[in-house]
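These notes concern the structure reproduced below.
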Amino acid sequence: MHPNLSIESTASSIRKTFRLQHHDEGCPPGKVPIQRIKSKNVIDAEFMLPRHADVFHQFTKEFPGQHFATMYTRAPYSFMPYHGARATVDIHNPSVEMNQFSMAQIWVQNRHSSDLNSLQADNYQKTGCYNMMCPGFVQVHPTKRLGQSFKGISIIGGEQWVIDILISQDKSTGNWWLTIYGDEKIGYWPKEIFTHLGDGANYLEYGGWTYNSPSGISPPMGSGKFPSNNYTVACWFAQIRYVNEVYREDDVHRLNMVKYNTDANCYDLKYLFYAGKILGHSFSFGGPGGNCIT
């Protein structure tokens with residue numbers, strides 16, 4: 001049932017430098033956790049979905065107030081699809097007001113004419129739902145689930161907490177799996193719930209996304225600091241990889257990575273290229289937000 005994929009895990013080297021998230025409490029054998037839907041979850045969903053159900057990439061101008069600081073990559077040839085994306089993400093807790101959001105995400109998409117299929121690390125899809133409120137996701141892990149809060153948050157200038165995320169397509173079934181730390185399978189999205197992701201994706205994206213409040217003030221992104229070479233200050237993505245056309249993980253190629261930033265006065269992104277064995281291809285991103293242009 002687990003995905004048929006050749007993975008070269010980087011979790012062991014990351015553990016030596018940064019702290020990984022762990023949840024020890026679990027369910028009895030044969031059981032899986034189910035999120036209890038509270039009124040706050042419904043309120044959050046009602047805010048997110050009517051406004052953003054059709055927004056999955058930065059080229060959509062229909063909804064002003066969005067801001068992106070991302071790196072995206074395109075398939076080198078139209079007939080060579082991507083079968084997954086992976087990155088280690090620094091975990092911060094930016095302050096947001098009512099009707100704002102601030103996210104760090106991995107997008108796995110297939111753009112087919114006017115129809116767009118999108119998988120994101122928080123399961124915010126065009127079906128108009130996210131996390132475990134979205135039908136179709138099959139939970140298999142006994143302790144970890146979509147929508148679960150993090151125990152540790154990175155401290156600016158101090159200890160850094162990270163999560164290693166892989167979204168990958170199983171070669172045999174075509175299902176899309178969510179895996180963390182190289183070998184912990186959280187669950188999968190059946191291929192049947194998508195119209196154009198059955199044969200892979202043609203677009204990957206990594207980075208930050210915010211939405212401002214009706215007042216026009218945008219929230220902080222990442223750590224709230226502008227990007228720099230200091231990994232204990234700015235928020236960052238490391239070990240940025242993809243799953244290629246033969247279902248094997250590979251490093252992204254710097255010539256195939258494109259920076260996109262909507263407002264350098266509020267946010268920015270600094271591509272650090274290959275930053276050594278532990279961090280691999282990486283970038284820092286974020287900013288304080290405020291009164292942005294769009």
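The way I read the labels, and the way they are meant: chains A, B, ... in the order of the structure tokens, residue 1 as the first residue of every chain, and ligand 1 as the first ligand shown, with later ones counted on from there.
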Run DSSP on the backbone of this structure and report the residues of segment 131-263 of chain A it assigns to strand (DSSP E or B), as a short mmCIF file (atom, residue, chain, number, x, y, z; two decimals) with N, CA, C and O atoms, in the first residue's frame.
```cif
data_model
loop_
_atom_site.label_atom_id
_atom_site.label_comp_id
_atom_site.auth_asym_id
_atom_site.auth_seq_id
_atom_site.Cartn_x
_atom_site.Cartn_y
_atom_site.Cartn_z
N VAL A 138 -6.90 9.72 2.36
CA VAL A 138 -6.93 8.47 3.11
C VAL A 138 -5.82 8.49 4.17
O VAL A 138 -4.63 8.46 3.84
N GLN A 139 -6.20 8.56 5.43
CA GLN A 139 -5.27 8.61 6.55
C GLN A 139 -4.74 7.22 6.86
O GLN A 139 -5.51 6.27 6.98
N TRP A 161 13.30 24.68 14.46
CA TRP A 161 12.48 23.49 14.29
C TRP A 161 12.08 23.37 12.81
O TRP A 161 11.73 24.37 12.19
N VAL A 162 12.10 22.16 12.29
CA VAL A 162 11.83 21.97 10.87
C VAL A 162 10.91 20.77 10.66
O VAL A 162 10.73 19.93 11.54
N ILE A 163 10.33 20.72 9.48
CA ILE A 163 9.59 19.54 9.04
C ILE A 163 10.02 19.23 7.61
O ILE A 163 10.18 20.13 6.78
N ASP A 164 10.25 17.95 7.34
CA ASP A 164 10.64 17.49 6.00
C ASP A 164 9.40 16.92 5.33
O ASP A 164 8.78 15.97 5.83
N ILE A 165 9.00 17.50 4.20
CA ILE A 165 7.73 17.15 3.54
C ILE A 165 8.01 16.63 2.13
O ILE A 165 8.76 17.22 1.37
N LEU A 166 7.36 15.53 1.79
CA LEU A 166 7.41 14.97 0.44
C LEU A 166 5.99 14.68 -0.03
O LEU A 166 5.23 14.00 0.66
N ILE A 167 5.61 15.23 -1.16
CA ILE A 167 4.39 14.85 -1.86
C ILE A 167 4.82 14.08 -3.10
O ILE A 167 5.54 14.62 -3.94
N SER A 168 4.42 12.82 -3.22
CA SER A 168 4.92 11.99 -4.32
C SER A 168 3.84 11.08 -4.86
O SER A 168 2.94 10.65 -4.13
N GLN A 169 3.96 10.79 -6.14
CA GLN A 169 2.99 9.92 -6.79
C GLN A 169 3.50 8.48 -6.83
O GLN A 169 4.65 8.22 -7.19
N TRP A 176 -1.37 9.95 -4.84
CA TRP A 176 -0.41 10.94 -4.37
C TRP A 176 -0.28 10.84 -2.85
O TRP A 176 -1.25 11.02 -2.12
N TRP A 177 0.95 10.55 -2.38
CA TRP A 177 1.22 10.32 -0.97
C TRP A 177 1.84 11.54 -0.30
O TRP A 177 2.66 12.25 -0.90
N LEU A 178 1.48 11.73 0.96
CA LEU A 178 2.12 12.72 1.81
C LEU A 178 3.02 11.98 2.80
O LEU A 178 2.54 11.15 3.58
N THR A 179 4.32 12.27 2.73
CA THR A 179 5.32 11.60 3.57
C THR A 179 6.14 12.65 4.28
O THR A 179 6.45 13.70 3.71
N ILE A 180 6.50 12.40 5.54
CA ILE A 180 7.37 13.32 6.26
C ILE A 180 8.60 12.57 6.76
O ILE A 180 8.54 11.37 7.03
N GLU A 184 7.88 8.37 6.96
CA GLU A 184 6.62 8.35 7.71
C GLU A 184 5.47 8.72 6.77
O GLU A 184 5.31 9.88 6.40
N LYS A 185 4.67 7.73 6.41
CA LYS A 185 3.57 7.93 5.47
C LYS A 185 2.34 8.41 6.24
O LYS A 185 1.79 7.69 7.06
N ILE A 186 1.88 9.63 5.95
CA ILE A 186 0.71 10.18 6.62
C ILE A 186 -0.57 9.66 5.98
O ILE A 186 -1.53 9.30 6.65
N GLY A 187 -0.59 9.62 4.66
CA GLY A 187 -1.75 9.16 3.93
C GLY A 187 -1.63 9.54 2.47
O GLY A 187 -0.58 9.98 2.01
N TYR A 188 -2.72 9.38 1.72
CA TYR A 188 -2.65 9.65 0.29
C TYR A 188 -3.97 10.19 -0.25
O TYR A 188 -5.04 10.01 0.33
N TRP A 189 -3.84 10.91 -1.39
CA TRP A 189 -4.98 11.37 -2.16
C TRP A 189 -5.16 10.41 -3.34
O TRP A 189 -4.26 10.29 -4.18
N ALA A 201 2.61 15.87 -12.65
CA ALA A 201 2.44 17.32 -12.61
C ALA A 201 3.37 17.98 -13.61
O ALA A 201 4.36 17.39 -14.03
N TYR A 203 4.24 21.40 -12.94
CA TYR A 203 4.63 22.65 -12.30
C TYR A 203 4.78 22.42 -10.80
O TYR A 203 3.91 21.80 -10.16
N LEU A 204 5.89 22.87 -10.23
CA LEU A 204 6.14 22.78 -8.80
C LEU A 204 6.48 24.16 -8.27
O LEU A 204 7.08 24.98 -8.97
N GLU A 205 6.12 24.40 -7.02
CA GLU A 205 6.40 25.71 -6.44
C GLU A 205 6.66 25.55 -4.94
O GLU A 205 6.05 24.71 -4.28
N TYR A 206 7.55 26.38 -4.43
CA TYR A 206 7.95 26.32 -3.03
C TYR A 206 8.03 27.75 -2.49
O TYR A 206 8.59 28.63 -3.16
N GLY A 207 7.50 28.00 -1.29
CA GLY A 207 7.67 29.33 -0.72
C GLY A 207 6.52 29.80 0.14
O GLY A 207 5.76 29.00 0.69
N GLY A 208 6.39 31.14 0.25
CA GLY A 208 5.44 31.75 1.16
C GLY A 208 4.29 32.44 0.44
O GLY A 208 4.44 32.93 -0.68
N TRP A 209 3.14 32.50 1.14
CA TRP A 209 1.92 33.08 0.58
C TRP A 209 1.17 33.78 1.71
O TRP A 209 0.97 33.19 2.78
N THR A 210 0.77 35.02 1.51
CA THR A 210 -0.02 35.74 2.51
C THR A 210 -1.25 36.36 1.85
O THR A 210 -1.31 36.53 0.64
N TYR A 211 -2.19 36.72 2.71
CA TYR A 211 -3.38 37.44 2.26
C TYR A 211 -3.67 38.51 3.29
O TYR A 211 -3.66 38.24 4.51
N ILE A 217 -3.73 45.84 5.30
CA ILE A 217 -2.46 45.55 5.94
C ILE A 217 -2.16 44.06 5.80
O ILE A 217 -2.98 43.21 6.17
N SER A 218 -0.99 43.74 5.27
CA SER A 218 -0.59 42.35 5.07
C SER A 218 0.17 41.83 6.27
O SER A 218 0.95 42.56 6.89
N MET A 221 5.40 37.33 6.91
CA MET A 221 5.61 36.05 6.25
C MET A 221 6.86 35.41 6.83
O MET A 221 7.86 36.08 7.06
N CYS A 235 13.30 32.83 7.74
CA CYS A 235 12.68 31.53 7.47
C CYS A 235 13.26 30.96 6.17
O CYS A 235 13.70 31.72 5.30
N TRP A 236 13.26 29.64 6.01
CA TRP A 236 13.92 29.06 4.85
C TRP A 236 13.33 27.72 4.43
O TRP A 236 12.66 27.04 5.21
N PHE A 237 13.59 27.37 3.19
CA PHE A 237 13.36 26.04 2.64
C PHE A 237 14.74 25.46 2.33
O PHE A 237 15.60 26.15 1.78
N ALA A 238 14.96 24.20 2.66
CA ALA A 238 16.22 23.52 2.37
C ALA A 238 15.95 22.17 1.72
O ALA A 238 14.81 21.68 1.73
N GLN A 239 17.01 21.57 1.17
CA GLN A 239 16.90 20.27 0.50
C GLN A 239 15.71 20.27 -0.48
O GLN A 239 14.88 19.37 -0.47
N ILE A 240 15.67 21.27 -1.35
CA ILE A 240 14.58 21.39 -2.32
C ILE A 240 14.83 20.38 -3.44
O ILE A 240 15.84 20.45 -4.14
N ARG A 241 13.91 19.44 -3.58
CA ARG A 241 14.08 18.35 -4.53
C ARG A 241 12.78 18.09 -5.28
O ARG A 241 11.73 18.64 -4.93
N TYR A 242 12.86 17.25 -6.29
CA TYR A 242 11.67 16.84 -7.02
C TYR A 242 11.77 15.36 -7.35
O TYR A 242 12.85 14.76 -7.28
N VAL A 243 10.65 14.76 -7.71
CA VAL A 243 10.61 13.37 -8.16
C VAL A 243 10.47 13.40 -9.68
O VAL A 243 9.52 13.97 -10.21
N ARG A 248 12.26 8.92 -9.38
CA ARG A 248 13.41 9.00 -8.48
C ARG A 248 13.61 10.46 -8.05
O ARG A 248 13.41 11.38 -8.84
N GLU A 249 14.02 10.64 -6.80
CA GLU A 249 14.28 11.99 -6.31
C GLU A 249 15.56 12.55 -6.90
O GLU A 249 16.54 11.83 -7.10
N ASP A 250 15.54 13.86 -7.15
CA ASP A 250 16.71 14.53 -7.68
C ASP A 250 16.71 15.97 -7.17
O ASP A 250 15.67 16.52 -6.82
N ASP A 251 17.90 16.58 -7.11
CA ASP A 251 17.99 17.99 -6.74
C ASP A 251 17.41 18.85 -7.86
O ASP A 251 17.53 18.52 -9.04
N MET A 257 14.94 27.02 -11.94
CA MET A 257 14.23 27.63 -10.83
C MET A 257 14.02 29.11 -11.11
O MET A 257 14.95 29.82 -11.48
N VAL A 258 12.80 29.58 -10.92
CA VAL A 258 12.44 30.96 -11.21
C VAL A 258 11.90 31.61 -9.95
O VAL A 258 11.01 31.07 -9.29
N LYS A 259 12.45 32.77 -9.61
CA LYS A 259 11.99 33.51 -8.44
C LYS A 259 10.76 34.32 -8.79
O LYS A 259 10.69 34.93 -9.85
N TYR A 260 9.78 34.32 -7.87
CA TYR A 260 8.62 35.19 -8.04
C TYR A 260 8.34 35.90 -6.73
O TYR A 260 8.17 35.26 -5.68
N ASN A 261 8.29 37.23 -6.77
CA ASN A 261 8.04 38.03 -5.57
C ASN A 261 7.12 39.18 -5.95
O ASN A 261 7.41 39.94 -6.87
#
```
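Of the listed residues A:Ala87, A:Ile153, A:Ala69, A:Ile193, the one whose atoms come nearest to Ser282 of chain A is A:Ala87, with distances taken using only C-alpha atoms.
Nearest residue to Val252 of chain A, choosing from A:Phe150, A:Tyr181, A:Phe226, A:Tyr82 and counting only C-alpha atoms: A:Tyr82.
Between atom CA of Gln105 of chain A and atom CA of Ile91 of chain A there is a distance of 11.2 Å.
Minimum atom-to-atom distances from A:Phe283, A:Tyr231, A:Phe137, A:Tyr247 to Phe194 of chain A were compared using only C-alpha atoms, and the lowest value belongs to A:Phe137.
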